Amino acid sequence: MADEMTADFEKRYNGGPTIRAALGLPVGRSHVTVLFGPSGAGKTTVLRCLAGLERPERGRVRFASETWVDTDVGVMAPPQARGVGYLFQDYALFPHLTVAGNITYAIHDLDSRERRVRLDEMIRLLRLEGLEDRRPAQLSGGQQQRVALARVLARRPRLLLLDEPLSALDAPTREQLRGELRALLRGQRMPTLCVTHDWVEALTLADQVAVMAGGRILQTGSPDSVFSRPANAEVAAIVGVETVTAGKVVGRQDGLAAFDVAGKQLWAVEASGKGEEFYLCIRAEDVILEIGAQPSSSARNHLAGRVTDVRPAGPVSRVAVDCGFALTALVTRQAAQDLDLKPGTLVTATVKASAIHLIPR
Amino acid sequence: MNWAPIVLTLKLAGLTALILVAVGMPIAYWLTYSRWRWKFLAESVVALPLVLPPTVLGFYVLVAVGPKSPLGQGYQALVGHPLAFTFEGLLFASVLYSLPFAVQPFASAFGSVDPKLVEASWTLGISRLATFLRVTLPLSAAGVVTGVVLSFAHTMGEFGVVLMVGGNIPGVTRTVSIDIYDEVQALNYAGAAETALVLLIFSFVVLSVVYALNRNMWVVWPMR
């Protein structure tokens, strides 16, 4: 039987919200769970409880056969005993130590030869060559982030906890490190729980997404299922992107890429020109619905489909269309009435190629 | 030039500062990190020597080390001579008298170390004590030096407490400030001026060296 980590606990703050979390992660292999939600949702508190930096009032945390927290019998393992790697939002590098000193900080018990080997391995893995003798203050944000990761990975943790790992970086660096972080996490034989409020980051990194708001986990599932099929209006409002579907590149032309999505062909503007597997993200307000079948043109994506659901949401209606994959469109209430949209209506959905946001898988 | 009081005072101030490093650090650590709701009471006790007249503090210490108190009796039973009017008694009083001058800079330095660094060390598997020695202490070095210098300098100049607890025994409890006072009482202004000048120059040199070594540490009186 595969080992598992399970957490189910409650943390109360005086005069603040109660944070409740129930999570399950596989142990001993690469698997990234993203805790996604707006700031103030209690995401960091969940990480801190798992790291042993906060004491939950009620509940249990088990890691494989170990019990880290069990409030019924008063078990509370100290952070030192848990073997987690915690990456702080602002990295918390030791300012009085060099890059090498930071990386080897937690592996002092190894003999000097072994320590050297481990240090070299981390320097190579995180491309920190030539920076060994610098102090944290002399590093760029991206370099600091990599040193912090190296320090955490050097002692071979059993669980990685990342608190907004990219939020302290400027946009171009973030863009670049997102892909690197994903590759790095895929190469580690340990589970990761990563906190973020950035949906691009969530889709890039996650094998599993848990949406959190107001101190509770509202929905857990695969990235496309959570983003495309939010369990309720609250989750939909948090994730913001209505359609997320997996697609494979089948052709490229003039900076556009053709995707095969559930048998349909979709064109999207491709920024990087790299990779084959993507998530295609479409905002509901970018989808135009027309009645009946429309002739196809190459520049635009015309998708024939059938309305499966019409749900009023304030002045607009949220229309779910099955066109091989689930597509959500936002139309005004008036338009929904004029077009007589109801389950079963045959429609053509139009999406501009530039309105499709691509996220590499 | 009478060197005995100067040597005695240096010995007293040095030992006091040394003891305060050992005693003051745990107290400062506890004051910084404890979440005990009555902690403010302990903070008040530590700060008491700042506002208490030296004679009041000296009086209580005198009673406490006297032959009728448990402390005085215990000490006599253990060592064979009374604690009052000895160098050890004076040392005990000096440690109490200079306690806030060590503890407050220590605590303020510990408190200004980013708690995330401490937590980062804990999650990296490093024990609380090792974390203190490897992260908190190096990052509070300036505050620790300040505390040591302030308690040293403060002990150098103490007068009231010495008079109350130590009396005026040459070579045992006769410190510089008592010596100067005696010379003035005896109208020997030249002798007083000599000793006073030595003390002034010495204090200035020590402080200058320390501040030169800690350029960014111009806070003479760190408050929390």
# chains A, B, ... in the order shown; residues from 1 in each chain; ligands from 1

call {"tool": "select_by_dssp", "arguments": {"residues": "stretch 245-289 of chain A", "states": "strand (DSSP E or B)", "output": "compact mmCIF listing (two decimals) with C-alpha atoms, in the first residue's frame"}}
result
# COMPACT_ATOMS: atom_id res chain seq x y z
CA THR A 245 -8.73 22.28 -20.89
CA ALA A 246 -5.72 20.21 -21.80
CA GLY A 247 -4.51 20.34 -25.40
CA LYS A 248 -1.69 19.07 -27.60
CA VAL A 249 0.06 21.07 -30.32
CA VAL A 250 -0.70 19.58 -33.75
CA GLY A 251 0.68 22.36 -35.93
CA ARG A 252 2.27 25.79 -35.97
CA GLN A 253 1.86 28.70 -38.36
CA LEU A 256 -0.09 30.63 -33.94
CA ALA A 257 -0.31 27.10 -32.69
CA ALA A 258 -3.05 24.65 -33.58
CA PHE A 259 -4.26 22.48 -30.76
CA ASP A 260 -6.15 19.29 -30.71
CA VAL A 261 -8.67 19.56 -27.90
CA LYS A 264 -11.67 19.88 -32.08
CA GLN A 265 -9.01 22.14 -33.54
CA LEU A 266 -8.28 25.40 -31.71
CA TRP A 267 -5.82 28.14 -32.68
CA ALA A 268 -4.02 30.13 -30.06
CA VAL A 269 -1.31 32.80 -30.02
CA GLU A 277 1.35 19.95 -23.97
CA PHE A 278 -0.55 22.95 -22.66
CA TYR A 279 -3.50 24.00 -20.64
CA LEU A 280 -5.75 26.26 -22.71
CA CYS A 281 -7.46 28.83 -20.51
CA ILE A 282 -10.42 30.82 -21.76
CA VAL A 287 -16.54 33.56 -25.59
CA ILE A 288 -19.18 34.76 -28.10
CA LEU A 289 -22.26 32.62 -28.69

call {"tool": "residues_around", "arguments": {"residues": "B:Thr146", "least_positions_apart": "2", "cutoff": "8 Å", "atoms": "only C-alpha atoms", "output": "list in words"}}
result
Ala102, Pro105, Ala142, Gly143, Val144, Val148, Val149, Leu150 and Val220 of chain B

call {"tool": "interface_residues", "arguments": {"of": "chain B", "to": "chain A", "cutoff": "8 Å", "atoms": "only C-alpha atoms", "output": "mmCIF file with N, CA and C atoms, in the first residue's frame"}}
result
data_model
loop_
_atom_site.group_PDB
_atom_site.id
_atom_site.type_symbol
_atom_site.label_atom_id
_atom_site.label_comp_id
_atom_site.auth_asym_id
_atom_site.auth_seq_id
_atom_site.Cartn_x
_atom_site.Cartn_y
_atom_site.Cartn_z
ATOM 1 N N LYS B 116 11.371 34.832 11.548
ATOM 2 C CA LYS B 116 11.345 33.854 10.443
ATOM 3 C C LYS B 116 12.680 33.131 10.325
ATOM 4 N N LEU B 117 13.782 33.846 10.644
ATOM 5 C CA LEU B 117 15.094 33.200 10.566
ATOM 6 C C LEU B 117 15.189 32.088 11.596
ATOM 7 N N GLU B 119 12.608 30.481 12.904
ATOM 8 C CA GLU B 119 11.702 29.413 12.469
ATOM 9 C C GLU B 119 12.313 28.615 11.325
ATOM 10 N N ALA B 120 12.990 29.319 10.424
ATOM 11 C CA ALA B 120 13.632 28.627 9.303
ATOM 12 C C ALA B 120 14.648 27.618 9.842
ATOM 13 N N SER B 121 15.409 28.033 10.840
ATOM 14 C CA SER B 121 16.407 27.142 11.427
ATOM 15 C C SER B 121 15.735 25.935 12.081
ATOM 16 N N TRP B 122 14.647 26.178 12.795
ATOM 17 C CA TRP B 122 13.935 25.055 13.437
ATOM 18 C C TRP B 122 13.433 24.066 12.406
ATOM 19 N N THR B 123 12.823 24.580 11.315
ATOM 20 C CA THR B 123 12.294 23.649 10.311
ATOM 21 C C THR B 123 13.433 22.928 9.596
ATOM 22 N N LEU B 124 14.639 23.494 9.646
ATOM 23 C CA LEU B 124 15.788 22.799 9.049
ATOM 24 C C LEU B 124 16.348 21.749 10.004
ATOM 25 N N GLY B 125 15.676 21.546 11.121
ATOM 26 C CA GLY B 125 16.055 20.472 12.033
ATOM 27 C C GLY B 125 17.051 20.863 13.100
ATOM 28 N N ILE B 126 17.327 22.164 13.240
ATOM 29 C CA ILE B 126 18.335 22.618 14.199
ATOM 30 C C ILE B 126 17.644 22.942 15.535
ATOM 31 N N SER B 127 18.216 22.437 16.623
ATOM 32 C CA SER B 127 17.592 22.576 17.940
ATOM 33 C C SER B 127 17.502 24.041 18.352
ATOM 34 N N VAL B 135 22.248 31.477 14.996
ATOM 35 C CA VAL B 135 21.501 32.516 14.280
ATOM 36 C C VAL B 135 21.257 33.741 15.158
ATOM 37 N N PRO B 138 24.756 35.506 16.729
ATOM 38 C CA PRO B 138 25.580 36.287 15.783
ATOM 39 C C PRO B 138 24.866 37.532 15.271
ATOM 40 N N LEU B 139 23.534 37.430 15.098
ATOM 41 C CA LEU B 139 22.803 38.586 14.578
ATOM 42 C C LEU B 139 22.526 39.624 15.663
#

call {"tool": "select_by_dssp", "arguments": {"residues": "stretch 76-216 of chain A", "states": "alpha helix (DSSP H)", "output": "ChimeraX atom specification"}}
result
/A:99-103,112-125,141-154,171-186,199-205

call {"tool": "atom_distance", "arguments": {"atom1": "atom CA of B:Ala192", "atom2": "atom CA of B:Asp179"}}
result
7.7 Å

call {"tool": "residues_around", "arguments": {"residues": "A:Ala355", "least_positions_apart": "2", "cutoff": "8 Å", "atoms": "only C-alpha atoms", "output": "PDB file with C-alpha atoms, in the first residue's frame"}}
result
ATOM      1  CA  ALA A 268      -4.022  30.133 -30.058  1.00  0.00           C
ATOM      2  CA  ILE A 282     -10.424  30.824 -21.761  1.00  0.00           C
ATOM      3  CA  ARG A 283     -12.238  33.485 -19.793  1.00  0.00           C
ATOM      4  CA  ASP A 286     -14.142  36.155 -24.213  1.00  0.00           C
ATOM      5  CA  VAL A 351     -13.088  32.503 -29.325  1.00  0.00           C
ATOM      6  CA  LYS A 352     -10.346  34.781 -30.626  1.00  0.00           C
ATOM      7  CA  ALA A 353      -6.967  33.093 -30.857  1.00  0.00           C
ATOM      8  CA  HIS A 357      -4.082  31.814 -22.499  1.00  0.00           C
TER       9      HIS A 357
END

call {"tool": "residues_around", "arguments": {"residues": "A:Phe36", "least_positions_apart": "2", "cutoff": "6 Å", "atoms": "only C-alpha atoms", "output": "PDB file with N, CA and C atoms, in the first residue's frame"}}
result
ATOM      1  N   VAL A  34      -1.306  22.288  -4.922  1.00  0.00           N
ATOM      2  CA  VAL A  34      -1.305  23.740  -4.782  1.00  0.00           C
ATOM      3  C   VAL A  34      -2.498  24.149  -3.935  1.00  0.00           C
ATOM      4  N   THR A 196      -0.294  29.549  -3.156  1.00  0.00           N
ATOM      5  CA  THR A 196      -0.222  30.658  -4.096  1.00  0.00           C
ATOM      6  C   THR A 196      -1.593  31.308  -4.264  1.00  0.00           C
ATOM      7  N   HIS A 197      -1.589  32.578  -4.708  1.00  0.00           N
ATOM      8  CA  HIS A 197      -2.854  33.206  -5.075  1.00  0.00           C
ATOM      9  C   HIS A 197      -2.846  33.523  -6.573  1.00  0.00           C
ATOM     10  N   ALA A 210      -6.128  22.590  -4.366  1.00  0.00           N
ATOM     11  CA  ALA A 210      -7.120  22.732  -3.307  1.00  0.00           C
ATOM     12  C   ALA A 210      -7.443  24.211  -3.204  1.00  0.00           C
ATOM     13  N   VAL A 211      -8.695  24.555  -3.437  1.00  0.00           N
ATOM     14  CA  VAL A 211      -9.096  25.958  -3.397  1.00  0.00           C
ATOM     15  C   VAL A 211      -9.519  26.302  -1.984  1.00  0.00           C
ATOM     16  N   MET A 212      -8.941  27.392  -1.468  1.00  0.00           N
ATOM     17  CA  MET A 212      -9.188  27.744  -0.087  1.00  0.00           C
ATOM     18  C   MET A 212      -9.679  29.179   0.007  1.00  0.00           C
TER      19      MET A 212
END

call {"tool": "residues_around", "arguments": {"residues": "stretch 11-28 of chain B", "least_positions_apart": "5", "cutoff": "8 Å", "atoms": "only C-alpha atoms", "output": "ChimeraX atom specification"}}
result
/B:91,94-95,99,102-104,106-107,110,148-149,151-153,155-156

call {"tool": "residues_around", "arguments": {"residues": "B:Leu62", "least_positions_apart": "3", "cutoff": "7 Å", "atoms": "only C-alpha atoms", "output": "JSON, numbers by chain"}}
result
{"B": [58, 59, 65, 66, 84, 164, 165]}

call {"tool": "residues_around", "arguments": {"residues": "A:Arg29", "least_positions_apart": "6", "cutoff": "7 Å", "atoms": "only C-alpha atoms", "output": "ChimeraX atom specification"}}
result
/A:189-191

call {"tool": "atom_distance", "arguments": {"atom1": "atom CA of A:Leu25", "atom2": "atom CA of A:Pro56"}}
result
18.8 Å

call {"tool": "atom_distance", "arguments": {"atom1": "atom CA of A:Glu164", "atom2": "atom CA of B:Val113"}}
result
22.3 Å
